[in-house]
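Structure file model_26.txt (compact mmCIF, C-alpha atoms) follows.
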# COMPACT_ATOMS: atom_id res chain seq x y z
CA MET A 1 -3.55 33.78 35.09
CA ASN A 2 -6.16 36.20 33.93
CA ILE A 3 -9.08 34.60 32.24
CA ASN A 4 -10.97 36.93 29.93
CA ALA A 5 -12.87 37.06 26.69
CA THR A 6 -9.86 35.66 24.83
CA LEU A 7 -11.39 32.36 25.94
CA ILE A 8 -14.35 32.94 23.64
CA GLY A 9 -12.15 33.97 20.74
CA GLN A 10 -9.99 30.89 21.14
CA ALA A 11 -13.02 28.65 21.33
CA ILE A 12 -14.19 30.14 18.04
CA TRP A 13 -10.79 29.56 16.43
CA PHE A 14 -10.78 26.00 17.74
CA ALA A 15 -14.25 25.30 16.42
CA LEU A 16 -13.30 26.77 13.04
CA PHE A 17 -10.23 24.58 12.76
CA ILE A 18 -12.14 21.48 13.80
CA TRP A 19 -14.66 22.29 11.10
CA ILE A 20 -11.93 22.75 8.47
CA THR A 21 -10.32 19.46 9.42
CA MET A 22 -13.64 17.68 9.49
CA LYS A 23 -14.76 18.98 6.14
CA TYR A 24 -11.66 19.56 4.03
CA VAL A 25 -8.74 17.66 5.52
CA TRP A 26 -9.85 14.33 6.91
CA PRO A 27 -12.40 12.99 4.39
CA PRO A 28 -10.24 13.34 1.23
CA LEU A 29 -7.18 11.97 3.01
CA GLN A 30 -9.13 9.11 4.49
CA LYS A 31 -10.55 8.26 1.10
CA ALA A 32 -7.14 8.45 -0.58
CA MET A 33 -5.57 6.25 2.08
CA ALA A 34 -8.40 3.71 2.00
CA ASP A 35 -8.30 3.62 -1.81
CA ARG A 36 -4.56 3.13 -1.80
CA GLN A 37 -4.90 0.34 0.73
CA ALA A 38 -7.46 -1.35 -1.51
CA GLN A 39 -5.20 -0.87 -4.53
CA ILE A 40 -2.23 -2.38 -2.75
CA ALA A 41 -4.32 -5.31 -1.57
CA ASP A 42 -5.58 -5.85 -5.14
CA GLY A 43 -2.06 -5.59 -6.49
CA LEU A 44 -0.74 -8.15 -4.05
CA ALA A 45 -3.60 -10.51 -4.80
CA ALA A 46 -3.00 -10.11 -8.54
CA ALA A 47 0.70 -10.79 -8.08
CA GLU A 48 -0.11 -13.94 -6.13
CA ARG A 49 -2.54 -15.05 -8.81
CA GLY A 50 0.02 -14.33 -11.53
CA LYS A 51 2.62 -16.38 -9.72
CA ASN A 52 0.26 -19.33 -9.41
CA GLU A 53 -0.69 -19.09 -13.04
CA GLN A 54 2.93 -18.94 -14.06
CA GLU A 55 3.67 -22.06 -12.04
CA LEU A 56 0.74 -23.86 -13.64
CA ALA A 57 1.86 -22.78 -17.09
CA ALA A 58 5.39 -24.04 -16.43
CA LYS A 59 3.97 -27.37 -15.34
CA ARG A 60 1.74 -27.55 -18.40
CA SER A 61 4.58 -26.73 -20.75
CA ALA A 62 6.80 -29.38 -19.15
CA ASP A 63 3.99 -31.91 -19.57
CA ALA A 64 3.49 -30.96 -23.19
CA LEU A 65 7.21 -31.22 -23.87
CA ARG A 66 7.41 -34.68 -22.33
CA GLU A 67 4.37 -35.85 -24.28
CA ALA A 68 5.81 -34.54 -27.52
CA LYS A 69 9.09 -36.32 -26.86
CA GLU A 70 7.30 -39.59 -26.17
CA LYS A 71 5.21 -39.23 -29.27
CA SER A 72 8.19 -38.44 -31.48
CA SER A 73 10.17 -41.41 -30.20
CA ASP A 74 7.13 -43.63 -30.83
CA LEU A 75 6.86 -42.26 -34.33
CA ILE A 76 10.52 -42.88 -35.03
CA ALA A 77 10.28 -46.46 -33.78
CA GLN A 78 7.21 -47.08 -35.92
CA ALA A 79 8.88 -45.60 -38.96
CA GLU A 80 11.93 -47.77 -38.47
CA LYS A 81 9.78 -50.86 -38.17
CA ARG A 82 7.82 -49.95 -41.26
CA ALA A 83 11.02 -49.33 -43.25
CA GLN A 84 12.36 -52.71 -42.26
CA GLN A 85 9.06 -54.27 -43.27
CA ILE A 86 9.17 -52.57 -46.65
CA VAL A 87 12.73 -53.73 -47.23
CA GLU A 88 11.75 -57.30 -46.31
CA GLU A 89 8.77 -57.22 -48.65
CA ALA A 90 10.86 -55.81 -51.45
CA LYS A 91 13.41 -58.54 -50.91
CA GLY A 92 10.72 -61.24 -51.12
CA VAL A 93 9.17 -59.81 -54.25
CA ALA A 94 12.55 -59.48 -55.91
CA LYS A 95 13.44 -63.06 -55.06
CA VAL A 96 10.17 -64.40 -56.49
CA GLU A 97 10.61 -62.33 -59.62
CA ALA A 98 14.18 -63.49 -60.05
CA ASP A 99 13.15 -67.12 -59.60
CA LYS A 100 10.43 -66.63 -62.17
CA VAL A 101 12.88 -65.12 -64.67
CA VAL A 102 15.41 -67.89 -64.04
CA ALA A 103 12.77 -70.59 -64.44
CA GLY A 104 11.48 -69.00 -67.70
CA ALA A 105 15.01 -68.82 -69.04
CA LYS A 106 15.66 -72.44 -68.10
CA ALA A 107 12.48 -73.63 -69.81
CA GLU A 108 13.33 -71.66 -72.91
CA ILE A 109 16.83 -73.12 -72.94
CA ASP A 110 15.37 -76.65 -72.61
CA GLN A 111 12.96 -76.01 -75.43
CA GLU A 112 15.76 -74.67 -77.62
CA VAL A 113 17.86 -77.71 -76.83
CA GLU A 114 14.95 -80.03 -77.67
CA ARG A 115 14.28 -78.18 -80.89
CA ALA A 116 17.95 -78.31 -81.84
CA LYS A 117 18.02 -82.03 -81.10
CA GLN A 118 14.94 -82.59 -83.24
CA ALA A 119 16.44 -80.60 -86.11
CA LEU A 120 19.66 -82.50 -85.74
CA ARG A 121 17.81 -85.79 -85.77
CA GLU A 122 16.05 -84.77 -88.97
CA ARG A 123 19.27 -83.62 -90.50
CA VAL A 124 21.21 -86.79 -89.45
CA ALA A 125 18.51 -89.03 -90.89
CA GLU A 126 18.54 -87.11 -94.17
CA LEU A 127 22.30 -87.19 -94.29
CA ALA A 128 22.33 -90.91 -93.52
CA VAL A 129 19.72 -91.49 -96.17
CA ALA A 130 21.59 -89.31 -98.64
CA GLY A 131 24.82 -91.15 -97.86
CA ALA A 132 23.20 -94.54 -98.02
CA GLU A 133 21.46 -93.58 -101.26
CA LYS A 134 24.79 -92.66 -102.79
CA ILE A 135 26.31 -96.01 -101.58
CA LEU A 136 23.37 -98.13 -102.37
CA ARG A 137 22.35 -96.49 -105.62
CA LYS A 138 24.23 -99.04 -107.37
CA GLU A 139 23.45 -102.22 -105.53
CA ILE A 140 20.60 -101.92 -103.09
CA ASN A 141 17.03 -100.97 -103.51
CA ALA A 142 16.00 -98.24 -101.18
CA SER A 143 12.69 -99.71 -100.44
CA ALA A 144 14.18 -103.09 -99.52
CA HIS A 145 16.17 -101.53 -96.72
CA ALA A 146 13.62 -99.09 -95.38
CA ASP A 147 12.97 -101.17 -92.23
CA MET A 148 16.59 -101.08 -91.33
CA LEU A 149 16.68 -97.25 -91.84
CA VAL A 150 13.71 -96.65 -89.66
CA ALA A 151 15.27 -98.73 -86.87
CA LEU A 152 18.41 -96.68 -87.23
CA LYS A 153 16.46 -93.42 -86.98
CA GLN A 154 14.92 -94.59 -83.73
CA ASP A 155 18.28 -95.23 -82.20
CA LEU A 156 19.50 -91.74 -82.76
CA MET B 1 13.65 43.72 25.85
CA SER B 2 12.21 46.25 28.15
CA ALA B 3 14.21 49.41 28.67
CA GLU B 4 13.53 49.63 32.41
CA GLY B 5 13.09 47.25 35.31
CA GLY B 6 16.20 45.13 34.97
CA THR B 7 15.87 41.35 35.27
CA THR B 8 12.46 41.31 36.89
CA GLY B 9 11.13 43.78 34.39
CA TYR B 10 12.52 41.72 31.53
CA ILE B 11 10.86 38.57 32.79
CA GLN B 12 7.58 40.29 33.50
CA HIS B 13 7.59 41.95 30.14
CA HIS B 14 8.01 38.58 28.46
CA LEU B 15 5.13 37.12 30.41
CA THR B 16 2.71 39.93 29.60
CA ASN B 17 0.10 39.58 26.92
CA LEU B 18 -0.78 42.29 24.46
CA VAL B 19 -4.23 43.20 25.73
CA VAL B 20 -6.90 45.27 24.08
CA CYS B 21 -10.25 46.23 25.51
CA SER B 22 -12.90 48.89 25.35
CA ASP B 23 -12.63 51.78 27.77
CA SER B 24 -15.46 50.42 29.89
CA ALA B 25 -13.39 47.34 30.77
CA LYS B 26 -10.41 49.36 31.89
CA VAL B 27 -9.48 49.70 35.53
CA ASP B 28 -6.89 52.44 36.12
CA GLY B 29 -6.07 52.40 32.40
CA VAL B 30 -5.28 48.64 32.47
CA CYS B 31 -7.48 45.97 30.86
CA THR B 32 -8.38 43.69 33.73
CA GLY B 33 -12.08 43.18 33.05
CA PHE B 34 -13.51 40.12 31.39
CA TRP B 35 -14.20 41.84 28.12
CA SER B 36 -10.58 42.26 27.15
CA PHE B 37 -8.74 40.30 24.53
CA HIS B 38 -5.22 38.94 24.34
CA LEU B 39 -4.46 40.11 20.85
CA ASP B 40 -1.16 38.19 20.62
CA THR B 41 -2.73 34.83 21.57
CA LEU B 42 -5.65 35.33 19.23
CA LEU B 43 -3.48 36.46 16.33
CA VAL B 44 -0.67 33.94 16.61
CA SER B 45 -2.92 30.93 17.22
CA GLY B 46 -5.31 32.06 14.50
CA VAL B 47 -2.64 32.73 11.89
CA LEU B 48 -0.80 29.50 12.68
CA GLY B 49 -4.04 27.54 12.50
CA LEU B 50 -5.12 29.15 9.25
CA VAL B 51 -1.74 28.51 7.66
CA VAL B 52 -1.34 24.93 8.79
CA PHE B 53 -4.93 23.80 8.26
CA GLY B 54 -5.15 25.73 5.02
CA LEU B 55 -2.05 23.93 3.86
CA MET B 56 -3.42 20.59 4.96
CA ALA B 57 -6.75 21.26 3.26
CA MET B 58 -4.92 22.24 0.08
CA LEU B 59 -2.83 19.08 0.13
CA ALA B 60 -5.87 16.99 0.99
CA SER B 61 -7.85 18.43 -1.91
CA LYS B 62 -5.10 17.27 -4.27
CA ALA B 63 -4.75 13.90 -2.54
CA THR B 64 -4.55 10.92 -4.84
CA SER B 65 -4.77 7.25 -4.08
CA GLY B 66 -1.79 6.74 -6.37
CA VAL B 67 1.77 7.64 -5.51
CA PRO B 68 1.48 10.54 -3.02
CA SER B 69 3.52 13.72 -3.31
CA GLY B 70 5.95 14.55 -0.54
CA GLY B 71 3.55 16.95 1.15
CA GLN B 72 0.64 14.57 0.92
CA ASN B 73 2.81 11.81 2.25
CA PHE B 74 3.77 13.89 5.26
CA VAL B 75 0.20 14.93 6.02
CA GLU B 76 -0.93 11.33 5.60
CA MET B 77 1.75 10.21 7.99
CA VAL B 78 0.63 12.66 10.69
CA VAL B 79 -3.04 12.01 10.09
CA GLY B 80 -2.44 8.26 9.96
CA LEU B 81 -0.64 8.37 13.30
CA VAL B 82 -3.55 10.21 14.93
CA ASP B 83 -6.08 7.94 13.24
CA GLN B 84 -4.26 4.87 14.55
CA GLN B 85 -4.52 6.22 18.10
CA VAL B 86 -8.21 6.87 17.62
CA ARG B 87 -8.76 3.37 16.24
CA ASP B 88 -6.91 1.82 19.16
CA THR B 89 -8.76 3.78 21.84
CA PHE B 90 -12.12 4.88 20.53
CA HIS B 91 -14.33 1.98 19.53
CA GLY B 92 -17.54 3.83 18.77
CA LYS B 93 -18.55 5.25 15.46
CA SER B 94 -18.11 8.98 15.07
CA ALA B 95 -17.19 11.26 12.20
CA LEU B 96 -15.98 13.86 14.69
CA VAL B 97 -13.42 12.17 16.89
CA THR B 98 -10.65 11.67 14.33
CA PRO B 99 -10.86 15.23 12.90
CA LEU B 100 -11.00 16.58 16.43
CA ALA B 101 -7.90 14.64 17.42
CA ILE B 102 -6.08 15.70 14.25
CA THR B 103 -6.96 19.34 14.89
CA ILE B 104 -5.75 19.20 18.48
CA PHE B 105 -2.50 17.42 17.71
CA VAL B 106 -1.51 19.59 14.76
CA TRP B 107 -2.64 22.90 16.22
CA VAL B 108 -1.14 22.38 19.67
CA PHE B 109 2.06 21.14 18.08
CA VAL B 110 2.57 24.20 15.86
CA MET B 111 1.66 26.58 18.68
CA ASN B 112 4.06 24.83 21.05
CA ALA B 113 6.70 24.90 18.34
CA MET B 114 6.71 28.69 18.51
CA ASP B 115 8.63 28.12 21.72
CA LEU B 116 11.63 26.98 19.69
CA ILE B 117 12.10 30.43 18.20
CA PRO B 118 14.48 32.35 20.49
CA VAL B 119 12.49 34.33 23.03
CA ASP B 120 13.52 37.80 21.93
CA PHE B 121 13.64 37.21 18.23
CA LEU B 122 10.05 37.86 17.20
CA PRO B 123 9.10 40.38 19.93
CA VAL B 124 12.09 42.60 19.10
CA ALA B 125 11.41 42.31 15.38
CA LEU B 126 7.81 43.29 15.99
CA GLN B 127 8.77 46.16 18.25
CA ALA B 128 11.16 47.44 15.60
CA ALA B 129 8.47 47.11 12.96
CA THR B 130 5.80 48.97 14.95
CA GLY B 131 8.14 51.48 16.58
CA ASN B 132 6.59 50.77 19.95
CA HIS B 133 9.47 49.48 22.08
CA GLU B 134 7.33 48.89 25.14
CA MET B 135 4.81 46.67 23.39
CA PRO B 136 4.58 43.22 24.95
CA PHE B 137 3.91 40.28 22.68
CA LYS B 138 3.80 36.61 23.68
CA PHE B 139 4.52 34.40 20.76
CA VAL B 140 3.62 31.06 22.34
CA PRO B 141 -0.18 30.93 22.50
CA THR B 142 -0.20 27.75 24.59
CA THR B 143 1.36 29.68 27.49
CA ASP B 144 -1.93 31.57 27.73
CA PRO B 145 -4.45 29.72 29.93
CA ASN B 146 -7.25 31.33 27.94
CA LEU B 147 -6.29 29.20 24.98
CA THR B 148 -5.82 25.94 26.87
CA PHE B 149 -9.07 26.43 28.78
CA ALA B 150 -10.92 27.31 25.60
CA MET B 151 -9.74 24.04 24.08
CA SER B 152 -10.42 21.87 27.09
CA ILE B 153 -13.86 23.38 27.64
CA THR B 154 -14.71 22.82 24.00
CA VAL B 155 -13.59 19.20 24.35
CA PHE B 156 -15.66 18.92 27.52
CA VAL B 157 -18.78 20.26 25.79
CA ILE B 158 -18.27 17.95 22.82
CA SER B 159 -17.88 14.96 25.14
CA ILE B 160 -21.12 15.80 26.96
CA VAL B 161 -22.99 16.24 23.69
CA MET B 162 -21.53 13.01 22.39
CA GLY B 163 -22.56 11.16 25.56
CA LEU B 164 -26.10 12.44 25.20
CA LYS B 165 -26.21 11.58 21.52
CA VAL B 166 -24.73 8.10 21.72
CA LYS B 167 -26.44 6.92 24.90
CA GLY B 168 -29.65 8.91 24.74
CA VAL B 169 -30.87 11.25 27.46
CA GLY B 170 -32.34 8.44 29.59
CA HIS B 171 -29.22 6.33 29.71
CA PHE B 172 -27.06 9.41 30.25
CA MET B 173 -29.16 10.57 33.19
CA HIS B 174 -29.14 7.06 34.59
CA GLU B 175 -25.35 7.10 34.53
CA VAL B 176 -25.21 10.52 36.16
CA PHE B 177 -27.56 9.66 39.02
CA ALA B 178 -27.30 5.90 39.53
CA VAL B 179 -23.65 5.04 38.87
CA PRO B 180 -21.69 3.85 40.79
CA PHE B 181 -23.77 3.49 44.01
CA GLY B 182 -27.30 2.95 42.72
CA ILE B 183 -30.27 5.27 42.47
CA LYS B 184 -30.75 5.47 46.27
CA LEU B 185 -27.54 7.48 46.62
CA ALA B 186 -28.32 9.76 43.68
CA PRO B 187 -26.93 12.98 45.22
CA ILE B 188 -23.58 11.34 45.96
CA ASN B 189 -23.46 9.85 42.49
CA LEU B 190 -24.20 13.26 41.01
CA LEU B 191 -21.50 14.87 43.13
CA PHE B 192 -18.95 12.23 42.05
CA ARG B 193 -19.91 12.72 38.46
CA ILE B 194 -19.58 16.49 38.66
CA VAL B 195 -16.16 16.27 40.27
CA GLU B 196 -15.07 13.75 37.66
CA GLU B 197 -16.34 15.83 34.78
CA ILE B 198 -14.98 19.14 36.07
CA ALA B 199 -11.58 17.68 36.87
CA ARG B 200 -11.04 16.61 33.29
CA PRO B 201 -11.02 19.97 31.49
CA ILE B 202 -9.10 21.60 34.33
CA SER B 203 -6.35 18.99 34.36
CA LEU B 204 -6.29 18.87 30.57
CA SER B 205 -5.79 22.60 30.16
CA LEU B 206 -3.52 23.17 33.14
CA ARG B 207 -1.20 20.36 32.09
CA LEU B 208 -0.54 21.95 28.70
CA PHE B 209 -0.42 25.48 30.10
CA GLY B 210 1.90 24.52 32.95
CA ASN B 211 4.34 22.65 30.78
CA MET B 212 4.58 25.33 28.16
CA TYR B 213 4.67 28.18 30.65
CA ALA B 214 7.47 26.54 32.60
CA GLY B 215 9.38 25.78 29.43
CA GLU B 216 9.01 29.35 28.26
CA MET B 217 10.15 30.57 31.66
CA VAL B 218 13.31 28.49 31.44
CA PHE B 219 13.99 29.93 28.00
CA ILE B 220 13.61 33.45 29.40
CA LEU B 221 15.93 32.70 32.29
CA ILE B 222 18.51 31.22 29.93
CA ALA B 223 18.21 34.31 27.76
CA LEU B 224 19.22 36.41 30.76
CA LEU B 225 22.64 34.76 30.96
CA GLY B 226 24.20 36.83 28.24
CA ILE B 227 26.89 34.98 26.32
CA TYR B 228 26.48 31.87 28.52
CA GLN B 229 23.03 31.25 27.13
CA LEU B 230 24.56 29.75 23.99
CA PRO B 231 25.65 26.40 25.48
CA LEU B 232 22.46 26.21 27.57
CA ALA B 233 19.82 27.24 25.08
CA LEU B 234 20.63 24.46 22.64
CA PRO B 235 20.17 21.47 24.99
CA TRP B 236 17.00 22.96 26.42
CA GLU B 237 15.75 23.60 22.92
CA LEU B 238 16.46 20.01 21.90
CA PHE B 239 14.79 18.75 25.05
CA HIS B 240 11.88 21.05 24.38
CA ILE B 241 11.28 19.46 20.99
CA LEU B 242 10.36 16.37 22.95
CA ILE B 243 8.12 18.31 25.32
CA ILE B 244 6.15 20.17 22.67
CA THR B 245 5.48 16.94 20.77
CA LEU B 246 4.65 15.05 23.91
CA GLN B 247 2.25 17.71 25.21
CA ALA B 248 0.46 17.87 21.87
CA PHE B 249 0.22 14.09 21.88
CA VAL B 250 -1.00 13.94 25.49
CA PHE B 251 -3.70 16.54 24.88
CA MET B 252 -4.87 14.62 21.81
CA MET B 253 -4.71 11.24 23.53
CA LEU B 254 -6.66 12.36 26.60
CA THR B 255 -9.27 13.95 24.37
CA ILE B 256 -9.71 10.63 22.58
CA VAL B 257 -9.96 8.84 25.91
CA TYR B 258 -12.60 11.28 27.19
CA MET B 259 -14.55 10.86 23.99
CA SER B 260 -14.44 7.10 24.24
CA MET B 261 -15.52 7.28 27.91
CA ALA B 262 -18.39 9.52 26.89
CA ALA B 263 -19.45 7.15 24.13
CA GLU B 264 -19.13 3.91 26.05
CA SER B 265 -21.12 2.71 28.99
CA HIS B 266 -19.48 2.61 32.38

As structure tokens:
Amino acid sequence: MNINATLIGQAIWFALFIWITMKYVWPPLQKAMADRQAQIADGLAAAERGKNEQELAAKRSADALREAKEKSSDLIAQAEKRAQQIVEEAKGVAKVEADKVVAGAKAEIDQEVERAKQALRERVAELAVAGAEKILRKEINASAHADMLVALKQDL
Amino acid sequence: MSAEGGTTGYIQHHLTNLVVCSDSAKVDGVCTGFWSFHLDTLLVSGVLGLVVFGLMAMLASKATSGVPSGGQNFVEMVVGLVDQQVRDTFHGKSALVTPLAITIFVWVFVMNAMDLIPVDFLPVALQAATGNHEMPFKFVPTTDPNLTFAMSITVFVISIVMGLKVKGVGHFMHEVFAVPFGIKLAPINLLFRIVEEIARPISLSLRLFGNMYAGEMVFILIALLGIYQLPLALPWELFHILIITLQAFVFMMLTIVYMSMAAESH
């Protein structure tokens, strides 16, 4: 063990290397490591947030889907009801119209019948008169038997 | 490999530093005075430090907070390990303690790691390169007490300065003179304090020096066994990987502990 001035030289080397580490090695590394730590923490937090949001979105979409289904089934039911209603109404209207047409036709037929009867009556009376005239031309005065002819006309 | 002296000469040659000094410091043509320098220790430790800290500074200057490169990742791993120790042990606020601990761990580790290169490899290569076959050259700077004492004394000075700075002169003096027995026994307190403070750098430096010196010695002895060194050198080398890491870690850890003791009240 011989201690000599090497001691001083080594102390200078040591001091120099401490200075290098203190100035050029440690601060940039420390900063890089701290920054990376912050970045990782941020990343993890963002991932967590994203996961939560995704869960919420899934829930929301399921809700929306269910609502839409309910709404559509409601709409279908309503539409069916309305269609039935329309069919019923149409049936009613058609029935009324048909009745009206039938009634009109019946009335017309009755009128025609009445008119035909009237015409027939007229014609029968004329024919009777014409026949009677031909029979009675010789023996009977038309005017003398008018009462009897009128009574006959009434009976027809 | 010294040409003369046999086994003893070989061992001694391997344990001799390459010394330079001015003529005035020479005694009988040998540098034994204080003003002589161990050129091998200074060169190897300096070059290793410049390379490794230069590399670290280069990687750090390109450090990104994004995906790190392999080199940056490695440096961050080492630095993160040291920083974790500092966080666990040192609770004060200081911009110096972590860089100091990083410096100690990395520097001591690479210097100790020189021990893993076979003992004759670099000295013989250097002797062949310079043509001087008698030139001693120790390639493990931590086996030189000058280096370990320089480090521990620097740590000691930093811890004193830190104590003064954190606690203030008044509080510091109070601790020196009035702890643990009260102000009435001030001389005894002072004596205790001095013993405590002096013991730290001595134990710190001698622990590292002793471990590395002994390890180096075992390597030299194994190297003397000729062909039989092959099965022995490998296990010792593997075991030594543990020792060099552990010694670097212990030096760093104790430094952190001393710093935290200096910064915290007793």

For a quick test of understanding: name the residues of chain B lying within 9 Å of chain A when counting only C-alpha atoms, and present them as a PyMOL selection string. chain B and resi 32-39+41-42+45-46+49-50+53-54+56-67+72+75-76+79-80+95-96+98-104+107+144-151+153-154

Work out how far apart CA of Leu152 (chain A) and CA of Ala128 (chain A) are and give it in Å to one decimal.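 Value for the CA of Leu152 (chain A)-CA of Ala128 (chain A) distance: 9.4 Å.
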
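CA of Gly215 (chain B) is positioned 28.9 Å from CA of Val157 (chain B).
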
Go through B:Val44, B:Ile256, B:Met217, B:Met173 one by one, measure the shortest atom-to-atom distance of each to Met114 (chain B) using all atoms listed in the file, and give the residue with the smallest value.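 For Met114 (chain B), the nearest of the candidates is B:Val44.
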
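For the pair CA of Thr8 (chain B) and CA of Asp23 (chain B), the interatomic distance is 28.7 Å.
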
Adding 8 Å on each side of the box along x, y and z that holds all listed atoms of region 32-45 of chain A, could you give its centre and edge lengths in Å to one decimal, as lines of an AutoDock Vina configuration file?
center_x = -4.6
center_y = -1.0
center_z = -2.2
size_x = 23.7
size_y = 35.0
size_z = 24.6

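Taking all atoms listed in the file, the non-local environment of Thr255 (chain B) within 10 Å (same-chain residues fewer than 6 positions away omitted) comprises B:Val86, B:Val97, B:Leu100, B:Ala101, B:Ile104, B:Ser152, B:Val155, B:Phe156, B:Ile158, B:Ser159, B:Arg200, B:Pro201, B:Leu204, B:Phe249, B:Met261.
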
Nearest to Lys153 (chain A) among A:Glu55, A:Asp42, A:Glu126, A:Glu48, with distances taken over only C-alpha atoms: which residue is it? A:Glu126

Incomplete region 155-172 of chain B brought to N, CA and C atoms, written out as a CSV table (one decimal), in the coordinates of the input:
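Output (result-v1.csv):
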chain,number,residue,atom,x,y,z
B,155,VAL,N,-13.6,20.7,24.3
B,155,VAL,CA,-13.6,19.2,24.4
B,155,VAL,C,-14.6,18.7,25.3
B,156,PHE,N,-14.7,19.3,26.5
B,156,PHE,CA,-15.7,18.9,27.5
B,156,PHE,C,-17.1,19.0,27.0
B,157,VAL,N,-17.4,20.1,26.3
B,157,VAL,CA,-18.8,20.3,25.8
B,157,VAL,C,-19.1,19.2,24.7
B,158,ILE,N,-18.1,19.0,23.9
B,158,ILE,CA,-18.3,18.0,22.8
B,158,ILE,C,-18.5,16.6,23.5
B,159,SER,N,-17.7,16.3,24.5
B,159,SER,CA,-17.9,15.0,25.1
B,159,SER,C,-19.3,14.8,25.8
B,160,ILE,N,-19.8,15.9,26.4
B,160,ILE,CA,-21.1,15.8,27.0
B,160,ILE,C,-22.2,15.6,25.9
B,161,VAL,N,-22.0,16.4,24.8
B,161,VAL,CA,-23.0,16.2,23.7
B,161,VAL,C,-22.9,14.8,23.1
B,162,MET,N,-21.7,14.3,23.0
B,162,MET,CA,-21.5,13.0,22.4
B,162,MET,C,-22.1,12.0,23.3
B,163,GLY,N,-21.9,12.1,24.6
B,163,GLY,CA,-22.6,11.2,25.6
B,163,GLY,C,-24.1,11.1,25.4
B,164,LEU,N,-24.6,12.3,25.3
B,164,LEU,CA,-26.1,12.4,25.2
B,164,LEU,C,-26.6,11.8,23.9
B,165,LYS,N,-25.8,12.0,22.8
B,165,LYS,CA,-26.2,11.6,21.5
B,165,LYS,C,-26.1,10.1,21.4
B,166,VAL,N,-25.0,9.5,21.9
B,166,VAL,CA,-24.7,8.1,21.7
B,166,VAL,C,-25.6,7.3,22.7
B,167,LYS,N,-25.7,7.7,23.9
B,167,LYS,CA,-26.4,6.9,24.9
B,167,LYS,C,-27.9,7.3,25.0
B,168,GLY,N,-28.3,8.5,24.5
B,168,GLY,CA,-29.6,8.9,24.7
B,168,GLY,C,-29.8,9.6,26.1
B,169,VAL,N,-30.7,10.5,26.2
B,169,VAL,CA,-30.9,11.2,27.5
B,169,VAL,C,-31.1,10.3,28.7
B,170,GLY,N,-32.0,9.3,28.5
B,170,GLY,CA,-32.3,8.4,29.6
B,170,GLY,C,-31.1,7.7,30.2
B,171,HIS,N,-30.4,7.1,29.3
B,171,HIS,CA,-29.2,6.3,29.7
B,171,HIS,C,-28.2,7.3,30.3
B,172,PHE,N,-28.0,8.4,29.7
B,172,PHE,CA,-27.1,9.4,30.2
B,172,PHE,C,-27.4,9.8,31.7
